[in-house]
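**Student:** Please find coords_4.txt (compact mmCIF, C-alpha atoms) on the next line:
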# COMPACT_ATOMS: atom_id res chain seq x y z
CA MET A 267 -15.07 -31.29 -29.83
CA ALA A 268 -11.82 -33.02 -30.58
CA THR A 269 -9.79 -31.46 -27.79
CA ASN A 270 -12.75 -30.60 -25.57
CA THR A 271 -13.27 -33.98 -24.03
CA ALA A 272 -16.23 -33.95 -21.74
CA ARG A 273 -14.96 -35.14 -18.39
CA THR A 274 -18.25 -36.83 -17.64
CA GLU A 275 -17.98 -39.11 -20.63
CA ALA A 276 -15.96 -41.76 -18.98
CA PRO A 277 -13.94 -43.89 -21.35
CA GLY A 278 -15.21 -47.39 -21.87
CA GLY A 279 -18.89 -46.44 -22.15
CA HIS A 280 -19.70 -46.78 -18.44
CA LYS A 281 -22.85 -45.25 -17.10
CA VAL A 282 -22.32 -41.48 -17.20
CA PRO A 283 -22.33 -40.08 -13.64
CA PHE A 284 -24.33 -36.97 -12.72
CA PRO A 285 -21.82 -34.19 -13.52
CA PRO A 286 -21.93 -32.41 -10.14
CA PHE A 287 -21.09 -35.68 -8.42
CA ASN A 288 -18.36 -36.77 -10.83
CA ALA A 289 -15.29 -36.97 -8.61
CA GLN A 290 -12.99 -36.90 -11.64
CA THR A 291 -13.69 -33.18 -12.06
CA PHE A 292 -13.20 -32.25 -8.40
CA GLY A 293 -9.44 -31.76 -8.63
CA SER A 294 -9.56 -29.22 -11.44
CA GLN A 295 -12.47 -27.37 -9.87
CA LEU A 296 -10.82 -27.15 -6.47
CA VAL A 297 -7.51 -25.99 -7.91
CA TRP A 298 -9.11 -23.27 -9.98
CA LEU A 299 -11.44 -22.26 -7.19
CA ALA A 300 -8.42 -21.89 -4.91
CA ILE A 301 -6.48 -19.88 -7.52
CA THR A 302 -9.34 -17.56 -8.47
CA PHE A 303 -10.65 -17.11 -4.93
CA VAL A 304 -7.24 -16.32 -3.49
CA ILE A 305 -6.63 -13.80 -6.28
CA LEU A 306 -10.05 -12.29 -5.59
CA TYR A 307 -9.42 -12.19 -1.84
CA VAL A 308 -6.02 -10.55 -2.18
CA THR A 309 -7.29 -8.03 -4.73
CA MET A 310 -10.25 -7.11 -2.56
CA ALA A 311 -8.35 -7.04 0.73
CA LYS A 312 -5.29 -5.16 -0.52
CA LEU A 313 -6.64 -2.91 -3.26
CA ALA A 314 -10.37 -2.65 -3.76
CA LEU A 315 -11.80 -2.50 -0.26
CA PRO A 316 -9.27 -0.01 1.16
CA ARG A 317 -9.87 2.18 -1.88
CA VAL A 318 -13.66 2.07 -1.65
CA GLY A 319 -13.45 2.54 2.11
CA ALA A 320 -11.24 5.58 1.60
CA ILE A 321 -13.65 7.01 -0.99
CA ILE A 322 -16.59 6.65 1.38
CA GLU A 323 -14.60 8.04 4.30
CA ASN A 324 -13.41 10.98 2.19
CA ARG A 325 -16.94 11.74 1.15
CA GLN A 326 -18.11 11.57 4.75
CA LYS A 327 -15.26 13.86 5.77
CA SER A 328 -16.01 16.36 3.05
CA ILE A 329 -19.71 16.28 3.93
CA ASP A 330 -18.89 16.80 7.59
CA GLY A 331 -16.46 19.56 6.64
CA ASP A 332 -19.04 21.26 4.47
CA LEU A 333 -21.63 20.99 7.20
CA ALA A 334 -19.23 22.48 9.75
CA GLU A 335 -18.37 25.25 7.31
CA ALA A 336 -22.05 25.91 6.71
CA GLN A 337 -22.63 25.99 10.47
CA ARG A 338 -19.73 28.41 10.90
CA LEU A 339 -21.01 30.68 8.14
CA LYS A 340 -24.49 30.54 9.58
CA SER A 341 -23.30 31.55 13.03
CA GLU A 342 -21.28 34.34 11.42
CA ALA A 343 -24.35 35.51 9.59
CA ASP A 344 -26.33 35.34 12.82
CA ALA A 345 -23.69 37.39 14.59
CA ALA A 346 -23.74 39.92 11.75
CA ILE A 347 -27.51 40.17 11.97
CA ALA A 348 -27.33 40.63 15.73
CA ALA A 349 -24.65 43.32 15.34
CA TYR A 350 -26.70 45.07 12.68
CA GLU A 351 -29.78 45.02 14.85
CA LYS A 352 -27.82 46.32 17.81
CA ALA A 353 -26.36 49.12 15.69
CA LEU A 354 -29.82 49.95 14.44
CA ALA A 355 -31.22 50.05 17.96
CA ASP A 356 -28.29 52.23 19.13
CA ALA A 357 -28.77 54.60 16.25
CA ARG A 358 -32.46 54.81 16.98
CA ASN A 359 -31.78 55.55 20.65
CA ARG A 360 -29.20 58.17 19.78
CA ALA A 361 -31.58 59.77 17.34
CA GLN A 362 -34.20 59.86 20.08
CA VAL A 363 -31.75 61.44 22.49
CA ILE A 364 -30.61 64.02 19.95
CA ALA A 365 -34.18 64.82 19.04
CA ASN A 366 -35.10 65.22 22.69
CA GLU A 367 -32.12 67.45 23.36
CA MET A 368 -32.91 69.49 20.31
CA ARG A 369 -36.50 69.87 21.32
CA ALA A 370 -35.57 70.90 24.86
CA LYS A 371 -33.00 73.38 23.59
CA GLN A 372 -35.40 74.93 21.14
CA ALA A 373 -38.11 75.09 23.75
CA ALA A 374 -35.71 76.85 26.13
CA GLU A 375 -34.64 79.29 23.42
CA ALA A 376 -38.22 80.01 22.49
CA GLU A 377 -39.08 80.55 26.16
CA ALA A 378 -36.12 82.88 26.59
CA SER A 379 -36.93 84.95 23.55
CA ARG A 380 -40.58 85.03 24.55
CA LYS A 381 -39.61 86.36 28.01
CA LYS A 382 -37.33 88.98 26.50
CA LEU A 383 -40.07 90.11 24.16
CA GLU A 384 -42.56 90.19 27.01
CA GLN A 385 -40.23 92.34 29.08
CA ALA A 386 -39.71 94.69 26.19
CA LEU A 387 -43.42 94.88 25.62
CA ASN A 388 -44.09 95.45 29.33
CA ALA A 389 -41.57 98.26 29.33
CA LYS A 390 -43.18 99.81 26.29
CA LEU A 391 -46.59 99.37 27.93
CA VAL A 392 -45.43 101.13 31.07
CA GLU A 393 -43.99 103.96 28.95
CA ALA A 394 -47.16 104.18 26.93
CA GLU A 395 -49.24 104.25 30.10
CA LYS A 396 -47.00 107.01 31.45
CA SER A 397 -47.37 109.07 28.28
CA ILE A 398 -51.11 108.44 28.28
CA ALA A 399 -51.30 109.64 31.88
CA ALA A 400 -49.21 112.73 31.03
CA THR A 401 -51.35 113.43 28.00
CA LYS A 402 -54.46 112.97 30.08
CA GLN A 403 -53.14 115.35 32.75
CA ALA A 404 -52.27 117.88 30.09
CA ALA A 405 -55.65 117.39 28.50
CA MET A 406 -57.33 117.80 31.86
CA ALA A 407 -55.36 120.98 32.42
CA ASN A 408 -56.39 122.17 29.00
CA VAL A 409 -60.00 121.19 29.77
CA SER A 410 -60.06 123.48 32.82
CA GLY A 411 -58.49 126.27 30.78
CA ILE A 412 -61.01 125.79 27.96
CA ALA A 413 -63.85 125.48 30.44
CA ALA A 414 -62.72 128.64 32.18
CA GLU A 415 -62.52 130.48 28.87
CA ALA A 416 -65.92 129.08 27.82
CA ALA A 417 -67.42 129.93 31.21
CA SER A 418 -65.96 133.49 31.12
CA ALA A 419 -67.31 133.89 27.58
CA ILE A 420 -70.77 132.59 28.60
CA VAL A 421 -70.80 134.84 31.68
CA GLU A 422 -69.64 137.86 29.61
CA ARG A 423 -72.48 137.24 27.12
CA LEU A 424 -75.05 136.77 29.85
CA LEU A 425 -73.92 139.57 32.14
CA GLY A 426 -72.26 141.82 29.65
CA SER A 427 -69.12 142.06 31.72
CA ALA A 428 -66.21 139.64 32.06
CA PRO A 429 -65.85 138.04 35.45
CA GLY A 430 -62.57 138.00 37.26
CA ASP A 431 -60.13 135.35 36.16
CA LYS A 432 -59.73 134.02 39.61
CA ALA A 433 -63.46 133.55 40.29
CA VAL A 434 -63.94 131.72 36.96
CA THR A 435 -61.03 129.37 37.59
CA GLU A 436 -62.29 128.55 41.06
CA ALA A 437 -65.83 127.92 39.77
CA VAL A 438 -64.56 125.67 37.03
CA ALA A 439 -62.31 123.71 39.43
CA ASP A 440 -65.34 123.45 41.68
CA ALA A 441 -67.51 122.14 38.89
CA LEU A 442 -64.82 119.66 37.71
CA LYS A 443 -64.53 118.31 41.20
CA ARG A 444 -68.21 117.35 41.22
CA MET B 202 -35.98 -33.40 -25.28
CA ALA B 203 -32.70 -31.65 -24.63
CA ASP B 204 -30.82 -33.16 -21.74
CA PRO B 205 -31.28 -30.77 -18.78
CA ILE B 206 -28.16 -32.22 -17.18
CA HIS B 207 -25.92 -31.41 -20.12
CA GLN B 208 -25.46 -27.82 -18.94
CA PHE B 209 -23.62 -29.02 -15.83
CA GLN B 210 -20.93 -30.94 -17.70
CA ILE B 211 -17.37 -29.98 -17.04
CA VAL B 212 -15.37 -29.68 -20.22
CA ASP B 213 -11.61 -29.24 -20.55
CA LEU B 214 -10.79 -26.11 -22.47
CA LEU B 215 -7.04 -26.75 -22.31
CA PRO B 216 -5.35 -30.13 -22.14
CA ALA B 217 -5.17 -31.52 -18.63
CA VAL B 218 -1.93 -31.63 -16.68
CA LYS B 219 -1.14 -34.46 -14.27
CA ILE B 220 -0.17 -33.09 -10.85
CA GLY B 221 0.41 -35.62 -8.08
CA GLY B 222 -1.87 -38.23 -9.58
CA HIS B 223 -4.68 -35.78 -10.29
CA GLU B 224 -5.62 -34.50 -13.70
CA ILE B 225 -5.82 -30.74 -13.40
CA ALA B 226 -7.31 -28.94 -16.40
CA PHE B 227 -8.50 -25.47 -17.28
CA THR B 228 -12.19 -26.28 -17.64
CA ASN B 229 -15.31 -24.30 -18.52
CA SER B 230 -15.92 -24.02 -14.78
CA ALA B 231 -12.46 -22.50 -14.30
CA ALA B 232 -13.06 -20.10 -17.18
CA PHE B 233 -16.26 -18.84 -15.59
CA MET B 234 -14.53 -18.42 -12.24
CA VAL B 235 -11.88 -16.33 -13.97
CA VAL B 236 -14.58 -14.28 -15.71
CA ALA B 237 -16.38 -13.77 -12.39
CA VAL B 238 -13.23 -12.64 -10.59
CA GLY B 239 -12.36 -10.41 -13.55
CA SER B 240 -15.81 -8.81 -13.47
CA ILE B 241 -15.63 -8.20 -9.73
CA ALA B 242 -12.15 -6.70 -10.06
CA ALA B 243 -13.36 -4.52 -12.95
CA LEU B 244 -16.28 -3.31 -10.84
CA MET B 245 -14.38 -2.75 -7.61
CA LEU B 246 -11.15 -1.40 -9.11
CA GLY B 247 -12.07 -0.10 -12.57
CA ALA B 248 -15.20 1.74 -11.51
CA THR B 249 -13.52 3.29 -8.48
CA SER B 250 -10.33 4.40 -10.22
CA LYS B 251 -11.50 8.03 -10.38
CA ARG B 252 -12.21 8.06 -6.63
CA ALA B 253 -14.98 10.55 -7.32
CA ILE B 254 -16.61 12.32 -4.40
CA VAL B 255 -19.84 12.27 -6.40
CA PRO B 256 -19.89 8.70 -7.72
CA GLY B 257 -20.96 7.58 -11.17
CA ARG B 258 -23.25 4.61 -11.70
CA MET B 259 -20.63 1.89 -11.54
CA GLN B 260 -18.82 3.49 -8.62
CA SER B 261 -22.18 3.67 -6.86
CA ILE B 262 -22.66 -0.05 -7.37
CA ALA B 263 -19.18 -0.73 -6.01
CA GLU B 264 -19.83 1.47 -2.96
CA LEU B 265 -23.29 -0.01 -2.42
CA SER B 266 -21.91 -3.56 -2.38
CA TYR B 267 -19.16 -2.43 0.01
CA GLU B 268 -21.61 -0.81 2.39
CA PHE B 269 -24.15 -3.61 2.04
CA VAL B 270 -21.67 -6.29 3.08
CA ALA B 271 -20.14 -4.05 5.75
CA ASN B 272 -23.58 -3.38 7.27
CA THR B 273 -24.47 -7.06 7.13
CA ILE B 274 -21.33 -7.93 9.07
CA LYS B 275 -21.77 -5.13 11.59
CA SER B 276 -25.39 -6.04 12.27
CA THR B 277 -24.74 -9.76 12.73
CA ALA B 278 -21.21 -10.00 14.12
CA GLY B 279 -20.59 -6.52 15.49
CA ASN B 280 -17.63 -4.27 14.74
CA GLU B 281 -15.18 -7.06 15.58
CA GLY B 282 -16.59 -8.94 12.62
CA MET B 283 -15.03 -6.33 10.32
CA LYS B 284 -11.79 -8.33 10.61
CA PHE B 285 -13.42 -10.77 8.24
CA PHE B 286 -14.78 -8.11 5.93
CA PRO B 287 -12.51 -8.97 2.95
CA PHE B 288 -13.34 -12.65 3.36
CA VAL B 289 -17.11 -12.19 3.56
CA PHE B 290 -17.03 -9.59 0.81
CA SER B 291 -15.05 -11.92 -1.48
CA LEU B 292 -17.43 -14.79 -0.76
CA PHE B 293 -20.52 -12.68 -1.39
CA MET B 294 -19.24 -11.09 -4.57
CA PHE B 295 -17.82 -14.36 -5.90
CA ILE B 296 -21.07 -16.28 -5.42
CA LEU B 297 -23.15 -13.37 -6.67
CA ALA B 298 -21.05 -12.93 -9.81
CA VAL B 299 -20.89 -16.65 -10.53
CA ASN B 300 -24.67 -17.04 -10.03
CA LEU B 301 -25.58 -14.03 -12.17
CA ILE B 302 -23.18 -14.89 -14.98
CA GLY B 303 -24.62 -18.42 -14.90
CA LEU B 304 -28.03 -16.99 -15.80
CA ILE B 305 -26.78 -15.86 -19.20
CA PRO B 306 -27.91 -18.43 -21.80
CA TYR B 307 -25.18 -20.97 -22.68
CA ALA B 308 -23.16 -19.87 -19.67
CA PHE B 309 -21.93 -22.34 -17.08
CA THR B 310 -22.94 -21.92 -13.44
CA VAL B 311 -20.00 -22.68 -11.18
CA THR B 312 -22.14 -23.02 -8.05
CA THR B 313 -24.16 -25.91 -9.51
CA HIS B 314 -21.26 -28.14 -8.50
CA ILE B 315 -21.30 -29.25 -4.89
CA ILE B 316 -17.52 -29.44 -4.72
CA ILE B 317 -17.35 -25.66 -5.15
CA THR B 318 -20.03 -24.82 -2.58
CA ALA B 319 -18.62 -27.42 -0.20
CA ALA B 320 -15.16 -25.94 -0.52
CA LEU B 321 -16.51 -22.45 0.18
CA ALA B 322 -18.59 -23.65 3.14
CA LEU B 323 -15.65 -25.61 4.53
CA SER B 324 -13.41 -22.55 4.26
CA VAL B 325 -15.95 -20.70 6.41
CA PHE B 326 -16.21 -23.62 8.84
CA LEU B 327 -12.44 -23.89 9.19
CA THR B 328 -12.11 -20.15 9.62
CA VAL B 329 -14.64 -20.30 12.45
CA LEU B 330 -12.85 -23.23 14.09
CA VAL B 331 -9.33 -21.82 13.74
CA TYR B 332 -10.25 -18.30 14.81
CA GLY B 333 -12.47 -19.56 17.63
CA PHE B 334 -9.77 -21.72 19.18
CA TRP B 335 -7.03 -19.17 18.52
CA LYS B 336 -9.01 -16.34 20.13
CA HIS B 337 -10.76 -18.16 22.98
CA GLY B 338 -8.84 -21.41 23.44
CA LEU B 339 -10.96 -24.00 25.19
CA HIS B 340 -13.57 -21.37 26.05
CA PHE B 341 -14.68 -21.82 22.47
CA PHE B 342 -16.52 -24.92 23.71
CA ASN B 343 -18.85 -22.57 25.60
CA LEU B 344 -20.53 -22.27 22.24
CA PHE B 345 -22.07 -25.68 22.83
CA VAL B 346 -23.20 -24.95 26.38
CA PRO B 347 -26.03 -22.41 26.38
CA LYS B 348 -26.52 -20.54 29.64
CA GLY B 349 -29.55 -20.99 31.86
CA ILE B 350 -30.31 -24.58 30.85
CA PRO B 351 -31.31 -27.02 33.64
CA ILE B 352 -28.50 -29.47 34.33
CA TYR B 353 -30.58 -32.61 33.60
CA ILE B 354 -31.23 -31.69 29.97
CA LEU B 355 -27.83 -30.08 29.46
CA PRO B 356 -26.16 -33.22 27.96
CA LEU B 357 -28.95 -33.46 25.40
CA ILE B 358 -28.69 -29.77 24.53
CA VAL B 359 -24.91 -30.01 24.19
CA LEU B 360 -25.29 -33.01 21.91
CA ILE B 361 -27.79 -31.13 19.74
CA GLU B 362 -25.58 -28.05 19.66
CA VAL B 363 -22.55 -30.10 18.59
CA MET B 364 -24.54 -31.87 15.92
CA SER B 365 -25.95 -28.63 14.57
CA PHE B 366 -22.49 -27.08 14.58
CA LEU B 367 -21.01 -30.00 12.68
CA SER B 368 -23.83 -30.06 10.16
CA ARG B 369 -23.39 -26.39 9.37
CA PRO B 370 -20.97 -26.80 6.47
CA ILE B 371 -23.32 -29.39 4.94
CA SER B 372 -26.44 -27.24 5.09
CA HIS B 373 -24.39 -24.16 4.16
CA SER B 374 -23.07 -25.77 0.99
CA VAL B 375 -26.08 -27.88 -0.02
CA ARG B 376 -28.45 -24.90 0.25
CA LEU B 377 -26.55 -22.93 -2.38
CA PHE B 378 -25.76 -25.93 -4.58
CA ALA B 379 -29.31 -27.34 -4.57
CA ASN B 380 -30.94 -23.98 -5.22
CA MET B 381 -28.75 -23.26 -8.21
CA LEU B 382 -28.92 -26.79 -9.59
CA ALA B 383 -32.70 -27.12 -9.23
CA GLY B 384 -33.31 -23.66 -10.66
CA HIS B 385 -31.22 -24.32 -13.73
CA ILE B 386 -32.78 -27.73 -14.33
CA THR B 387 -36.29 -26.26 -14.04
CA LEU B 388 -35.40 -23.47 -16.43
CA LYS B 389 -33.97 -25.94 -18.91
CA VAL B 390 -36.98 -28.25 -18.68
CA PHE B 391 -39.50 -25.48 -19.29
CA ALA B 392 -37.40 -24.01 -22.06
CA SER B 393 -37.16 -27.39 -23.78
CA PHE B 394 -40.97 -27.72 -23.62
CA VAL B 395 -41.08 -24.66 -25.85
CA THR B 396 -38.84 -26.22 -28.51
CA MET B 397 -40.64 -29.55 -28.24
CA LEU B 398 -44.11 -28.04 -28.66
CA THR B 399 -43.12 -25.91 -31.63
CA ALA B 400 -42.33 -29.16 -33.45
CA PHE B 401 -46.10 -29.87 -33.58
CA GLY B 402 -47.05 -27.08 -36.00
CA ALA B 403 -49.49 -24.24 -35.30
CA PHE B 404 -51.12 -25.98 -32.32
CA GLY B 405 -47.75 -26.52 -30.78
CA TRP B 406 -46.77 -22.87 -31.30
CA ALA B 407 -49.92 -21.79 -29.48
CA GLY B 408 -49.29 -24.26 -26.70
CA ALA B 409 -45.70 -23.15 -26.38
CA VAL B 410 -46.81 -19.75 -25.15
CA LEU B 411 -47.43 -21.05 -21.65
CA PRO B 412 -44.00 -22.66 -21.04
CA LEU B 413 -42.36 -19.67 -22.71
CA GLY B 414 -44.11 -17.34 -20.28
CA LEU B 415 -43.11 -19.62 -17.45
CA THR B 416 -39.52 -19.62 -18.64
CA VAL B 417 -39.51 -15.83 -18.58
CA ALA B 418 -41.04 -15.80 -15.11
CA LEU B 419 -38.61 -18.47 -13.92
CA THR B 420 -35.69 -16.46 -15.27
CA ALA B 421 -36.81 -13.54 -13.14
CA LEU B 422 -37.20 -15.87 -10.16
CA GLU B 423 -33.75 -17.32 -10.78
CA ALA B 424 -32.25 -13.85 -10.86
CA LEU B 425 -33.81 -13.29 -7.44
CA VAL B 426 -32.55 -16.67 -6.22
CA ALA B 427 -29.05 -15.93 -7.53
CA VAL B 428 -28.86 -12.73 -5.46
CA LEU B 429 -30.70 -14.15 -2.48
CA GLN B 430 -28.53 -17.25 -2.22
CA ALA B 431 -25.38 -15.15 -2.36
CA TYR B 432 -26.84 -13.01 0.43
CA VAL B 433 -27.92 -16.05 2.46
CA PHE B 434 -24.46 -17.57 2.12
CA ALA B 435 -22.87 -14.30 3.23
CA ILE B 436 -25.19 -13.71 6.18
CA LEU B 437 -24.80 -17.31 7.40
CA THR B 438 -21.06 -16.82 7.15
CA CYS B 439 -21.44 -13.72 9.33
CA ILE B 440 -23.57 -15.58 11.87
CA TYR B 441 -21.05 -18.44 12.06
CA LEU B 442 -18.19 -15.97 12.38
CA ASN B 443 -20.11 -14.26 15.17
CA ASP B 444 -19.98 -17.57 17.04
CA ALA B 445 -16.21 -17.60 16.63
CA ILE B 446 -15.97 -14.02 17.88
CA HIS B 447 -18.47 -14.30 20.75
CA PRO B 448 -18.82 -17.99 21.64
CA GLY B 449 -20.64 -17.28 24.92
CA HIS B 450 -23.98 -16.76 23.11
Rewrite the structure from the file as structure tokens, please.
**Tutor:**
Amino acid sequence: MATNTARTEAPGGHKVPFPPFNAQTFGSQLVWLAITFVILYVTMAKLALPRVGAIIENRQKSIDGDLAEAQRLKSEADAAIAAYEKALADARNRAQVIANEMRAKQAAEAEASRKKLEQALNAKLVEAEKSIAATKQAAMANVSGIAAEAASAIVERLLGSAPGDKAVTEAVADALKR
Amino acid sequence: MADPIHQFQIVDLLPAVKIGGHEIAFTNSAAFMVVAVGSIAALMLGATSKRAIVPGRMQSIAELSYEFVANTIKSTAGNEGMKFFPFVFSLFMFILAVNLIGLIPYAFTVTTHIIITAALALSVFLTVLVYGFWKHGLHFFNLFVPKGIPIYILPLIVLIEVMSFLSRPISHSVRLFANMLAGHITLKVFASFVTMLTAFGAFGWAGAVLPLGLTVALTALEALVAVLQAYVFAILTCIYLNDAIHPGH
């Protein structure tokens, strides 16, 4: 401790003062406090604090920007969903309409072809009835002929002589009328 | 017993220079002030040099101290108080660094000298006075006249207000100085009990456990005090500055 003289050890062996109250050291302390504190103040005020402030502000800005971007994307997604749902609903409606149209058209076609078929069948029925009636008439005519022949044959067997054609025919027509 | 006062001695590290009748030397105190300022600069400039959006540990500490001091000012002195942000921030960081570095064994604690705390407190006091009168002129005296006080006790109140205003730098500086001084003396005393007891053989070693434990506990307490006193100094500075900004109460 040759060069490091303790400032509290006053020369001459006086009573050593309590170091914090030793006025001899005040000058050096004040000078160095002023130097270091001013350097600290200037460094903080001019360099450090603006830099840290800018970092924090930048971060806040980028967070805000990201949040806004997220909000924008979310609203876009919402719009896309809404558009998709609308398209889906439209498609469903159109499908319904097409199906209904189709059904109505097919029903009309079926009705038309059914009517045509019915008409054709009715016509055939009428024709068939006509031919049945003609056949029946012919058959009836034949019946009187056969009956007349049978009656003339029966009379010939019973009486031994053939009756007149005219009398037989009249008798048969008479009998058929009954 | 080791002298508990020895740790507060100021020692010249470089030969003193005579300036205007005063011996100015680079002392251990000065060295620790330089170390403190260097540490703060390293934290605030070195750790923030990357300007990372996602901060690392040290950058986080730098940002936390920034926001902590900024919020303290805003909550006590309003947004106008941000004019004094560099000043309050420098005070807080300087006292905090000096106190914490002083806790390292064999280190010197700058704030155990009243001349330092007095100088810091006076700088706050003068800032309040100068800014108060510059901003408000004679209206600054409204600070001493609270509103809604009956006229007959007003002189008494004004007297008390003036006294309390004038005693601010004293309480401001003595609080920090006394806390640091007393804490370091207590630590030293308990720590020296340990060395003293161990001189008495096995019994002494056993007995030394208690003061050793206390020394550990006191070190933790002193760490708290170091931070707390820096905070108290800063928040009182903010409150005093608030008076300079809004003297009308």
**Student:** If we count all atoms listed in the file and set the cut-off at 9 Å, which residues sit around region 301-310 of chain B, ignoring sequence neighbours fewer than 5 positions away in its own chain? Please answer as number ranges by chain.
**Tutor:** B: 208-211, 229-230, 233, 236-237, 296, 381-382, 385, 420, 423-424, 427-428
**Student:** Output C-alpha atoms for every residue in that selection, as a short mmCIF file (atom, residue, chain, number, x, y, z; two decimals), in the frame of the given file.
**Tutor:**
data_model
loop_
_atom_site.label_atom_id
_atom_site.label_comp_id
_atom_site.auth_asym_id
_atom_site.auth_seq_id
_atom_site.Cartn_x
_atom_site.Cartn_y
_atom_site.Cartn_z
CA GLN B 208 -25.46 -27.82 -18.94
CA PHE B 209 -23.62 -29.02 -15.83
CA GLN B 210 -20.93 -30.94 -17.70
CA ILE B 211 -17.37 -29.98 -17.04
CA ASN B 229 -15.31 -24.30 -18.52
CA SER B 230 -15.92 -24.02 -14.78
CA PHE B 233 -16.26 -18.84 -15.59
CA VAL B 236 -14.58 -14.28 -15.71
CA ALA B 237 -16.38 -13.77 -12.39
CA ILE B 296 -21.07 -16.28 -5.42
CA MET B 381 -28.75 -23.26 -8.21
CA LEU B 382 -28.92 -26.79 -9.59
CA HIS B 385 -31.22 -24.32 -13.73
CA THR B 420 -35.69 -16.46 -15.27
CA GLU B 423 -33.75 -17.32 -10.78
CA ALA B 424 -32.25 -13.85 -10.86
CA ALA B 427 -29.05 -15.93 -7.53
CA VAL B 428 -28.86 -12.73 -5.46
#
**Student:** From the list B:Leu339, B:Val212, B:Phe434, B:Asn272, which residue is nearest Ser374 (chain B) when using all atoms listed in the file?
**Tutor:**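 Looking only at the distances to Ser374 (chain B), the closest residue turns out to be B:Phe434.
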**Student:** Between B:Phe288, B:Ile220, B:Ile350, B:Asp204, which has the minimum distance to chain A (counting all atoms listed in the file)?
**Tutor:**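 Closest to chain A of all the choices is B:Phe288.
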**Student:** Near chain A, meaning an atom within 8 Å, which residues of chain B appear when counting only C-alpha atoms? Write them as a CSV table (one decimal) with C-alpha atoms, in the frame of the given file.
**Tutor:**
chain,number,residue,atom,x,y,z
B,206,ILE,CA,-28.2,-32.2,-17.2
B,209,PHE,CA,-23.6,-29.0,-15.8
B,210,GLN,CA,-20.9,-30.9,-17.7
B,211,ILE,CA,-17.4,-30.0,-17.0
B,212,VAL,CA,-15.4,-29.7,-20.2
B,213,ASP,CA,-11.6,-29.2,-20.6
B,214,LEU,CA,-10.8,-26.1,-22.5
B,215,LEU,CA,-7.0,-26.8,-22.3
B,216,PRO,CA,-5.4,-30.1,-22.1
B,223,HIS,CA,-4.7,-35.8,-10.3
B,224,GLU,CA,-5.6,-34.5,-13.7
B,225,ILE,CA,-5.8,-30.7,-13.4
B,226,ALA,CA,-7.3,-28.9,-16.4
B,227,PHE,CA,-8.5,-25.5,-17.3
B,228,THR,CA,-12.2,-26.3,-17.6
B,230,SER,CA,-15.9,-24.0,-14.8
B,231,ALA,CA,-12.5,-22.5,-14.3
B,234,MET,CA,-14.5,-18.4,-12.2
B,235,VAL,CA,-11.9,-16.3,-14.0
B,238,VAL,CA,-13.2,-12.6,-10.6
B,242,ALA,CA,-12.2,-6.7,-10.1
B,245,MET,CA,-14.4,-2.8,-7.6
B,246,LEU,CA,-11.2,-1.4,-9.1
B,249,THR,CA,-13.5,3.3,-8.5
B,252,ARG,CA,-12.2,8.1,-6.6
B,253,ALA,CA,-15.0,10.6,-7.3
B,254,ILE,CA,-16.6,12.3,-4.4
B,263,ALA,CA,-19.2,-0.7,-6.0
B,264,GLU,CA,-19.8,1.5,-3.0
B,267,TYR,CA,-19.2,-2.4,0.0
B,287,PRO,CA,-12.5,-9.0,3.0
B,288,PHE,CA,-13.3,-12.6,3.4
B,290,PHE,CA,-17.0,-9.6,0.8
B,291,SER,CA,-15.0,-11.9,-1.5
B,295,PHE,CA,-17.8,-14.4,-5.9
B,313,THR,CA,-24.2,-25.9,-9.5
B,314,HIS,CA,-21.3,-28.1,-8.5
B,315,ILE,CA,-21.3,-29.2,-4.9
B,316,ILE,CA,-17.5,-29.4,-4.7
B,317,ILE,CA,-17.4,-25.7,-5.2
B,320,ALA,CA,-15.2,-25.9,-0.5
**Student:** Calculated over all atoms listed in the file, which of the candidates B:Leu388, B:Leu437, B:Leu398, B:Gly333 has the smallest distance to Leu422 (chain B)?
**Tutor:**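 Closest candidate: B:Leu388.
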**Student:** Show me, as JSON, numbers by chain, the residues that have an atom within 10 Å of Gly414 (chain B) when counting only C-alpha atoms, minus same-chain residues fewer than 6 positions from it.
**Tutor:** {"B": [391, 392, 395, 420]}
**Student:** Can you tell me, as a ChimeraX atom specification, what residues are no more than 12 Å from Asn443 (chain B) when counting only C-alpha atoms, ignoring any on the same chain fewer than 2 positions away?
**Tutor:** /B:273-285,325-326,328-330,332-333,341,344,436-441,445-450
**Student:** When you count all atoms listed in the file, which of these residues is closest to Asn380 (chain B): B:Gln430, B:Thr416, B:Thr396, B:Gln260?
**Tutor:**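 Once distances to Asn380 (chain B) are computed over all atoms listed in the file, the minimum belongs to B:Gln430.
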**Student:** Could you check the closest approach to Ile371 (chain B) for each of B:Lys219, B:Met259, B:Leu321, B:Leu429 and tell me which residue wins, using all atoms listed in the file?
**Tutor:** B:Leu321
**Student:** Tell me, in Å to one decimal, how far CA of Ser261 (chain B) is from CA of Leu297 (chain B).
**Tutor:**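 CA of Leu297 (chain B) lies 17.1 Å from CA of Ser261 (chain B).
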**Student:** When you look at Val359 (chain B) with a cut-off of 12 Å (counting all atoms listed in the file), what residues show up, excluding the ones that are within fewer than 5 positions of it in the same chain? I need them as a compact mmCIF listing (two decimals) with C-alpha atoms, in the coordinates of the input.
**Tutor:**
# COMPACT_ATOMS: atom_id res chain seq x y z
CA PHE B 342 -16.52 -24.92 23.71
CA ASN B 343 -18.85 -22.57 25.60
CA LEU B 344 -20.53 -22.27 22.24
CA PHE B 345 -22.07 -25.68 22.83
CA VAL B 346 -23.20 -24.95 26.38
CA PRO B 347 -26.03 -22.41 26.38
CA LYS B 348 -26.52 -20.54 29.64
CA ILE B 350 -30.31 -24.58 30.85
CA PRO B 351 -31.31 -27.02 33.64
CA ILE B 352 -28.50 -29.47 34.33
CA TYR B 353 -30.58 -32.61 33.60
CA ILE B 354 -31.23 -31.69 29.97
CA MET B 364 -24.54 -31.87 15.92
CA SER B 365 -25.95 -28.63 14.57
CA PHE B 366 -22.49 -27.08 14.58
